Amino acid sequence: MRYDDLIGLAFESVMMTRFRSLLSVLGVTIGVAAVVSGIILGVGSRALVIDKLAEGGADWMWAFPRGEIRKDKLLVEPSLPPPIKVTAEDMEYIKKQGTTIKDVCAYNVRQMIFCYKGERHPMKALVMTPVLAGKDIYRMEVVRGRFLTEQEGASNSRVCVVEQSEQAASIFGDEIPVGDTISVGNDDFKIVGSIKRTGLHLGRPNLTIIILPYPAMREVAGIRDYDLIEISIKELSDVNKARFQFQQVLGRIYGWPLKLDIREYSRLIDSGLDVINLVTSLIIGIAVISLTVGGVGIMNVMMALVVEQTREIGIAKAIGARKNSILLLFLAEATILSLFGGVLGVLIGMGTTKVVTLLLGIPFMAPFWVILLGLFLSLAVGVVSGTYPAKRAAELDPVVTLRRF
Amino acid sequence: MIKLEKVNKTYRCGGAEVKAVQELNLEIRRGEFVSIVGPSGSGKSTLLNIIGCLDRPDSGKYFFDGSDIEGLSDDELAVIRGFKIGFVFQFFNLFPRVSVIRNLMLPMIFAGMGTRKHRIRSAMKMLYEVGVPERAKFAATDISGGEQQKVAIARALMNRPDLLLADEPTGNLDSKSSEKIMSILGELNQRGMTIIMVTHNEELARATRRIVSIHDGRMIGDEAVG
């Protein structure tokens with residue numbers, strides 16, 4: 001028996017009992033719909049969470065060496081990490097070696113007293129190398145004027161950028177006066193622009209951040225070398241690989257053994273994803289149950305069909321049908337039924353999910369493999385639940401099935 | 001063409017053993033028209049099932065076309081049933097709910113033969129031969145008993161078998177239809193078809209060329225007619 005005939009006959013048989021077929025696939029339909037919607041919702045809300053956290057800086061990681069702090073040379077509190085000596089070349093090297101690393105910068109931040117129009121204000125002086133990478137990592141946006149250029153950041157130029165904060169508003173008024181100067185001790189710095197932070201880094205904005213060129217601050221305020229090296233990573237999923245690369249590269253620069261404390265922000269994501277995973281597994285659980293019920297339903301219908309068609313099976317054998325043909329015929333019928341339920345399930349699942357995502361504001365992300373998975377699951381249910389009835393049909397003795405009639 | 005040597009077949013029926021066929025020897029040559037007669041329960045249907053490769057003997061040898069059935073697999077028997085043997089049953093045994101022409105196409109479908117066009121052409125040709133071409137599109141159960149049996153004969157002939165087996169082919173028909181069926185069978189035999197027919201109607205048996213009598217599973221008579 002040829003396969004095109006096999007499928008044709010099985011299809012005919014399904015069509016003959018249309019209503020019953022429709023009822024019997026309901027379980028599979030619900031199961032597949034649950035799988036499809038569960039995965040689409042899971043993927044969508046995952047993307048949403050990652051997106052929200054990445055906006056806040058989940059792709060961010062920092063490292064500081066935890067070497068022994070020599071007490072005789074201690075200039076800062078023991079709780080602070082020892083200073084790191086890095087150059088712009090080091091940063092370039094890290095970026096080049098770390099394939100998962102998007103941006104890298106070293107930074108130091110210190111609370112200092114700035115003078116503006118004769119009044120003294122405590123603010124945070126921030127130095128970064130290279131400055132533009134830092135700007136990206138911290139997700140700073142220029143509000144007015146401009147940011148420091150790379151050259152300014154690496155030179156002794158007396159320019160600075162001021163954060164637009166509540167404190168800044170109380171000092172400078174509603175707008176940061178670009179072009180004015182503020183001073184540290186006796187040295188004047190020209191304000192070239194104002195920025196705002198969009199990420200979660202650098203703590204709560206209780207004090208205004210002022211970004212200044214490192215060489216200038218070293219000379220003017222004696223800011224020592226950097227505290228931390230920070231990176232942002234290209235793909236959030238590469239967190240572990242990035243951490244490893246980061247460590248390796250730092251080790252190569254500063255020599256082993258190097259005690260590093262690496263922290264990452266992405267831990268936040270995990271807790272967010274935990275909730276989503278829980279919900280997703282719940283839906284998948286429902287899916288498994290309804291697929292099982294659906295499988296039993298199809299098996300039931302197929303068993304009934306075998307009993308009903310006992311005589312036809314006998315005739316088919318008498319006119320030359322092989323055991324295998326009968327087996328495949330019933331298996332094909334079960335599979336067609338189940339696959340039909342699967343197609344229906346995919347459509348219903350996608351449809352309801354589309355509505356739900358619109359209502360909840362979750363992105364509707366239906367990867368192609370979800371459709372394939374839904375169809376595959378229904379196919380598998382059909383094969384599994386069809387095998388036993390098909391075997392029963394194939395094993396029927398034609399003499400016995402024909403004798404009674 | 002057919003040779004049975006000391007064939008036995010026993011059934012278990014409600015705890016009791018029924019010896020349906022006992023030590024039976026029978027040889028049928030190509031082109032014969034044989035009727036197997038005997039009262040009901042005499043084992044003639046069982047004998048026909050064995051000859052038709054639907055059943056296997058418990059002991060003894062059965063040669064079909066020279067090959068020993070014992071050594072053949074179930075699938076090989078199915079191929080023999082599909083290509084070399086045609087069955088006609090007392091209750092017609094057409095597939096209900098399926099059209100007449102579709103019924104005729106099924107033997108070719110199970111045998112994996114022909115294109116759709118080819119199958120339809122063969123089926124229509126067969127329907128002309130048995131005289132009911134106008135019933136092609138009817139559901140198998142929507143035509144009269146006589147017509148159903150004609151269709152059943154046509155279906156049995158679809159794969160050009162060497163042997164036609166008929167189990168009480170007229171048992172469920174009125175006398176006029178019976179006559180018609182018998183004349184079709186006679187005509188087929190004249191064209192060279194080997195036919196074995198089971199019946200308990202002596203008069204019908206007289207229309208064949210050889211009568212084999214069975215009683216309690218044993219052969220009690222074997223006579224040529226005419």
# chains A, B, ... in the order shown; residues from 1 in each chain; ligands from 1

call {"tool": "interface_residues", "arguments": {"of": "chain A", "to": "chain B", "cutoff": "7 Å", "atoms": "only C-alpha atoms", "output": "PDB file with C-alpha atoms, in the first residue's frame"}}
result
ATOM      1  CA  MET A   1       0.000   0.000   0.000  1.00  0.00           C
ATOM      2  CA  ARG A   2       1.360   3.376  -0.979  1.00  0.00           C
ATOM      3  CA  ASP A   5      -3.269   6.129  -0.520  1.00  0.00           C
ATOM      4  CA  GLU A 312     -14.299  -3.844   7.505  1.00  0.00           C
ATOM      5  CA  ILE A 315     -12.803  -7.572   4.545  1.00  0.00           C
ATOM      6  CA  LYS A 317      -7.523  -8.305   4.966  1.00  0.00           C
ATOM      7  CA  ALA A 318      -9.468 -10.703   2.752  1.00  0.00           C
ATOM      8  CA  ILE A 319      -8.957  -8.483  -0.277  1.00  0.00           C
ATOM      9  CA  GLY A 320      -5.248  -8.216   0.306  1.00  0.00           C
ATOM     10  CA  ALA A 321      -4.504  -5.582   2.974  1.00  0.00           C
ATOM     11  CA  ARG A 322      -1.396  -6.398   4.962  1.00  0.00           C
ATOM     12  CA  LYS A 323      -1.187  -6.267   8.727  1.00  0.00           C
ATOM     13  CA  PRO A 398      -9.901 -12.088   9.512  1.00  0.00           C
ATOM     14  CA  VAL A 399     -11.555 -15.501   9.951  1.00  0.00           C
TER      15      VAL A 399
END

call {"tool": "residues_around", "arguments": {"residues": "Gly171 (chain B)", "least_positions_apart": "6", "cutoff": "12 Å", "atoms": "only C-alpha atoms", "output": "list in words"}}
result
Val88, Phe89, Gln90, Phe91, Phe92, Gly145, Gly146, Gln149, Ser177, Ser178, Glu179, Ile181, Met182, Met197, Val198, Thr199, His200, Asn201 and Leu204 of chain B

call {"tool": "write_last_selection", "arguments": {"atoms": "N, CA, C and O atoms", "output": "compact mmCIF listing (two decimals), in the first residue's frame"}}
result
# COMPACT_ATOMS: atom_id res chain seq x y z
N VAL B 88 -15.78 -13.74 -2.65
CA VAL B 88 -17.17 -13.28 -2.68
C VAL B 88 -17.87 -13.91 -1.48
O VAL B 88 -17.74 -15.11 -1.25
N PHE B 89 -18.55 -13.06 -0.70
CA PHE B 89 -19.14 -13.57 0.54
C PHE B 89 -20.66 -13.64 0.44
O PHE B 89 -21.27 -13.00 -0.41
N GLN B 90 -21.24 -14.40 1.39
CA GLN B 90 -22.70 -14.52 1.40
C GLN B 90 -23.36 -13.16 1.62
O GLN B 90 -24.33 -12.81 0.98
N PHE B 91 -22.77 -12.39 2.56
CA PHE B 91 -23.39 -11.09 2.88
C PHE B 91 -22.67 -9.93 2.17
O PHE B 91 -22.59 -8.83 2.69
N PHE B 92 -22.14 -10.23 1.02
CA PHE B 92 -21.55 -9.25 0.10
C PHE B 92 -20.29 -8.58 0.66
O PHE B 92 -19.30 -8.44 -0.04
N GLY B 145 -29.61 -6.20 -3.05
CA GLY B 145 -28.72 -7.31 -2.71
C GLY B 145 -28.06 -7.91 -3.94
O GLY B 145 -26.85 -8.17 -3.94
N GLY B 146 -28.86 -8.13 -4.99
CA GLY B 146 -28.31 -8.72 -6.21
C GLY B 146 -27.21 -7.84 -6.78
O GLY B 146 -26.14 -8.31 -7.19
N GLN B 149 -24.06 -8.01 -4.74
CA GLN B 149 -23.26 -9.21 -4.99
C GLN B 149 -22.51 -9.09 -6.32
O GLN B 149 -21.38 -9.53 -6.44
N SER B 177 -32.09 -13.17 -8.81
CA SER B 177 -30.72 -12.66 -8.65
C SER B 177 -29.74 -13.81 -8.58
O SER B 177 -28.64 -13.74 -9.13
N SER B 178 -30.15 -14.90 -7.90
CA SER B 178 -29.28 -16.07 -7.79
C SER B 178 -28.90 -16.57 -9.17
O SER B 178 -27.73 -16.83 -9.45
N GLU B 179 -29.91 -16.67 -10.00
CA GLU B 179 -29.67 -17.16 -11.37
C GLU B 179 -28.64 -16.29 -12.08
O GLU B 179 -27.71 -16.76 -12.71
N ILE B 181 -26.37 -14.32 -10.77
CA ILE B 181 -25.03 -14.49 -10.20
C ILE B 181 -24.39 -15.78 -10.72
O ILE B 181 -23.22 -15.80 -11.13
N MET B 182 -25.17 -16.84 -10.72
CA MET B 182 -24.64 -18.13 -11.18
C MET B 182 -24.21 -18.04 -12.64
O MET B 182 -23.20 -18.63 -13.03
N MET B 197 -16.86 -22.75 -5.00
CA MET B 197 -18.04 -22.15 -4.39
C MET B 197 -18.55 -23.06 -3.28
O MET B 197 -18.67 -24.26 -3.46
N VAL B 198 -18.80 -22.44 -2.14
CA VAL B 198 -19.39 -23.20 -1.03
C VAL B 198 -20.91 -22.98 -1.07
O VAL B 198 -21.36 -21.85 -1.24
N THR B 199 -21.66 -24.04 -0.93
CA THR B 199 -23.11 -23.89 -0.91
C THR B 199 -23.74 -25.08 -0.20
O THR B 199 -23.10 -26.12 -0.03
N HIS B 200 -24.98 -24.93 0.29
CA HIS B 200 -25.66 -26.14 0.75
C HIS B 200 -26.87 -26.41 -0.15
O HIS B 200 -27.73 -27.21 0.14
N ASN B 201 -26.90 -25.70 -1.28
CA ASN B 201 -27.99 -25.85 -2.24
C ASN B 201 -27.55 -26.83 -3.34
O ASN B 201 -26.73 -26.51 -4.18
N LEU B 204 -27.92 -25.65 -7.00
CA LEU B 204 -26.87 -24.74 -7.47
C LEU B 204 -25.59 -25.51 -7.77
O LEU B 204 -24.90 -25.25 -8.75

call {"tool": "closest_residue", "arguments": {"among": "B:Gln148, B:Ala205, B:Ile2, B:Ile153", "to": "Asn172 (chain B)", "atoms": "only C-alpha atoms"}}
result
B:Gln148

call {"tool": "select_by_dssp", "arguments": {"residues": "region 198-351 of chain A", "states": "strand (DSSP E)", "output": "list in words"}}
result
Ile209, Ile210, Ile211, Leu228, Ile229, Glu230, Ile231, Ser232, Ile233, Leu260, Asp261, Ile262, Arg263 and Glu264 of chain A

call {"tool": "residues_around", "arguments": {"residues": "Ala154 (chain B)", "least_positions_apart": "2", "cutoff": "9 Å", "atoms": "only C-alpha atoms", "output": "ChimeraX atom specification"}}
result
/B:104,123,126-127,129-130,149-152,156-158

call {"tool": "write_last_selection", "arguments": {"atoms": "all heavy atoms", "output": "CSV table (one decimal), in the first residue's frame"}}
result
chain,number,residue,atom,x,y,z
B,104,LEU,N,-14.6,-0.8,-5.4
B,104,LEU,CA,-13.8,-1.6,-6.4
B,104,LEU,C,-12.4,-1.1,-6.4
B,104,LEU,O,-11.5,-1.9,-6.8
B,104,LEU,CB,-14.5,-1.3,-7.8
B,104,LEU,CG,-15.8,-1.9,-8.0
B,104,LEU,CD1,-16.2,-1.9,-9.5
B,104,LEU,CD2,-15.9,-3.3,-7.5
B,123,ALA,N,-12.1,0.0,-12.6
B,123,ALA,CA,-13.3,-0.3,-11.9
B,123,ALA,C,-14.6,-0.2,-12.8
B,123,ALA,O,-15.5,-1.0,-12.7
B,123,ALA,CB,-13.4,0.7,-10.7
B,126,MET,N,-14.9,-3.2,-14.9
B,126,MET,CA,-15.5,-4.3,-14.2
B,126,MET,C,-17.0,-4.2,-14.0
B,126,MET,O,-17.7,-5.1,-14.1
B,126,MET,CB,-14.8,-4.4,-12.8
B,126,MET,CG,-13.5,-5.2,-12.9
B,126,MET,SD,-13.7,-6.8,-13.6
B,126,MET,CE,-12.0,-7.1,-14.0
B,127,LEU,N,-17.4,-3.0,-13.7
B,127,LEU,CA,-18.8,-2.7,-13.4
B,127,LEU,C,-19.6,-3.0,-14.7
B,127,LEU,O,-20.7,-3.6,-14.6
B,127,LEU,CB,-19.1,-1.3,-13.0
B,127,LEU,CG,-18.7,-1.0,-11.5
B,127,LEU,CD1,-19.0,0.4,-11.2
B,127,LEU,CD2,-19.5,-1.9,-10.6
B,129,GLU,N,-18.8,-5.2,-16.9
B,129,GLU,CA,-18.7,-6.6,-17.1
B,129,GLU,C,-19.8,-7.3,-16.3
B,129,GLU,O,-20.4,-8.3,-16.8
B,129,GLU,CB,-17.3,-7.2,-16.8
B,129,GLU,CG,-16.4,-7.1,-18.0
B,129,GLU,CD,-15.1,-7.8,-17.8
B,129,GLU,OE1,-15.1,-8.8,-17.1
B,129,GLU,OE2,-14.1,-7.3,-18.3
B,130,VAL,N,-20.0,-6.9,-15.0
B,130,VAL,CA,-21.1,-7.5,-14.2
B,130,VAL,C,-22.4,-6.9,-14.4
B,130,VAL,O,-23.4,-7.3,-13.9
B,130,VAL,CB,-20.7,-7.5,-12.7
B,130,VAL,CG1,-19.4,-8.3,-12.5
B,130,VAL,CG2,-20.5,-6.1,-12.2
B,149,GLN,N,-24.1,-8.0,-4.7
B,149,GLN,CA,-23.3,-9.2,-5.0
B,149,GLN,C,-22.5,-9.1,-6.3
B,149,GLN,O,-21.4,-9.5,-6.4
B,149,GLN,CB,-24.1,-10.5,-5.0
B,149,GLN,CG,-23.4,-11.8,-4.8
B,149,GLN,CD,-22.6,-11.8,-3.5
B,149,GLN,OE1,-21.7,-10.9,-3.2
B,149,GLN,NE2,-22.8,-12.8,-2.7
B,150,LYS,N,-23.1,-8.5,-7.3
B,150,LYS,CA,-22.5,-8.2,-8.6
B,150,LYS,C,-21.2,-7.3,-8.4
B,150,LYS,O,-20.1,-7.6,-8.9
B,150,LYS,CB,-23.4,-7.6,-9.6
B,150,LYS,CG,-24.4,-8.5,-10.2
B,150,LYS,CD,-25.4,-7.8,-11.1
B,150,LYS,CE,-26.5,-8.7,-11.5
B,150,LYS,NZ,-27.6,-7.9,-12.2
B,151,VAL,N,-21.4,-6.3,-7.6
B,151,VAL,CA,-20.3,-5.4,-7.2
B,151,VAL,C,-19.2,-6.2,-6.5
B,151,VAL,O,-18.0,-6.0,-6.8
B,151,VAL,CB,-20.8,-4.2,-6.4
B,151,VAL,CG1,-19.6,-3.4,-5.9
B,151,VAL,CG2,-21.7,-3.3,-7.2
B,152,ALA,N,-19.7,-7.0,-5.6
B,152,ALA,CA,-18.7,-7.8,-4.8
B,152,ALA,C,-17.9,-8.7,-5.8
B,152,ALA,O,-16.6,-8.9,-5.6
B,152,ALA,CB,-19.4,-8.7,-3.8
B,156,ALA,N,-13.9,-8.6,-6.5
B,156,ALA,CA,-13.0,-9.8,-6.3
B,156,ALA,C,-12.1,-9.9,-7.6
B,156,ALA,O,-11.0,-10.5,-7.5
B,156,ALA,CB,-13.8,-11.0,-6.1
B,157,LEU,N,-12.6,-9.4,-8.7
B,157,LEU,CA,-11.9,-9.6,-10.0
B,157,LEU,C,-10.9,-8.5,-10.3
B,157,LEU,O,-10.2,-8.6,-11.3
B,157,LEU,CB,-12.9,-9.7,-11.1
B,157,LEU,CG,-13.8,-10.9,-11.0
B,157,LEU,CD1,-14.9,-10.9,-12.2
B,157,LEU,CD2,-13.1,-12.2,-11.1
B,158,MET,N,-10.9,-7.4,-9.5
B,158,MET,CA,-10.2,-6.2,-9.8
B,158,MET,C,-8.7,-6.5,-10.1
B,158,MET,O,-8.1,-5.9,-11.0
B,158,MET,CB,-10.3,-5.2,-8.7
B,158,MET,CG,-11.6,-4.4,-8.7
B,158,MET,SD,-11.7,-3.4,-10.3
B,158,MET,CE,-10.6,-2.1,-9.9

call {"tool": "residues_around", "arguments": {"residues": "Ile39 (chain A)", "least_positions_apart": "4", "cutoff": "10 Å", "atoms": "only C-alpha atoms", "output": "compact mmCIF listing (two decimals) with N, CA and C atoms, in the first residue's frame"}}
result
# COMPACT_ATOMS: atom_id res chain seq x y z
N ALA A 33 -2.86 24.62 22.74
CA ALA A 33 -3.10 26.05 22.92
C ALA A 33 -2.40 26.55 24.18
N ALA A 34 -2.46 25.74 25.25
CA ALA A 34 -1.80 26.13 26.50
C ALA A 34 -0.28 26.19 26.32
N VAL A 35 0.27 25.22 25.63
CA VAL A 35 1.72 25.22 25.40
C VAL A 35 2.12 26.48 24.63
N VAL A 43 8.07 33.99 26.83
CA VAL A 43 9.11 34.67 26.06
C VAL A 43 8.90 36.18 26.09
N GLY A 44 7.63 36.57 25.91
CA GLY A 44 7.32 38.00 25.87
C GLY A 44 7.62 38.70 27.18
N SER A 45 7.13 38.11 28.29
CA SER A 45 7.33 38.79 29.57
C SER A 45 8.79 38.74 29.99
N THR A 280 5.09 30.24 33.86
CA THR A 280 5.24 29.44 32.64
C THR A 280 5.11 27.95 32.94
N SER A 281 5.79 27.50 34.01
CA SER A 281 5.72 26.07 34.31
C SER A 281 4.30 25.67 34.70
N ILE A 283 1.55 26.93 33.44
CA ILE A 283 0.81 26.77 32.19
C ILE A 283 1.23 25.48 31.48
N ILE A 284 2.55 25.21 31.50
CA ILE A 284 3.03 23.99 30.85
C ILE A 284 2.45 22.77 31.55
N GLY A 349 -4.28 29.20 20.51
CA GLY A 349 -3.24 29.68 21.43
C GLY A 349 -2.68 31.02 21.00
N THR A 353 -3.39 34.56 22.94
CA THR A 353 -2.19 35.22 23.44
C THR A 353 -2.05 36.62 22.88
N MET A 365 5.78 37.94 21.16
CA MET A 365 6.91 37.35 20.45
C MET A 365 6.60 35.88 20.25
N ALA A 366 6.24 35.51 19.01
CA ALA A 366 5.94 34.12 18.70
C ALA A 366 7.04 33.55 17.83
N PRO A 367 8.05 32.95 18.46
CA PRO A 367 9.10 32.35 17.65
C PRO A 367 8.52 31.22 16.82
N VAL A 370 7.73 27.72 18.17
CA VAL A 370 6.55 27.45 19.01
C VAL A 370 5.49 26.72 18.20

call {"tool": "select_by_dssp", "arguments": {"residues": "chain B", "states": "alpha helix (DSSP H)", "output": "VMD selection string"}}
result
chain B and resid 44 to 51 74 to 83 100 to 111 116 to 130 145 to 157 175 to 190 202 to 206

call {"tool": "atom_distance", "arguments": {"atom1": "CA of Met124 (chain B)", "atom2": "CA of Ile101 (chain B)"}}
result
7.4 Å

call {"tool": "residues_around", "arguments": {"residues": "region 182-185 of chain A", "least_positions_apart": "2", "cutoff": "12 Å", "atoms": "only C-alpha atoms", "output": "ChimeraX atom specification"}}
result
/A:111-125,158-162,171-172,176-180,187-192,210,212,216-222
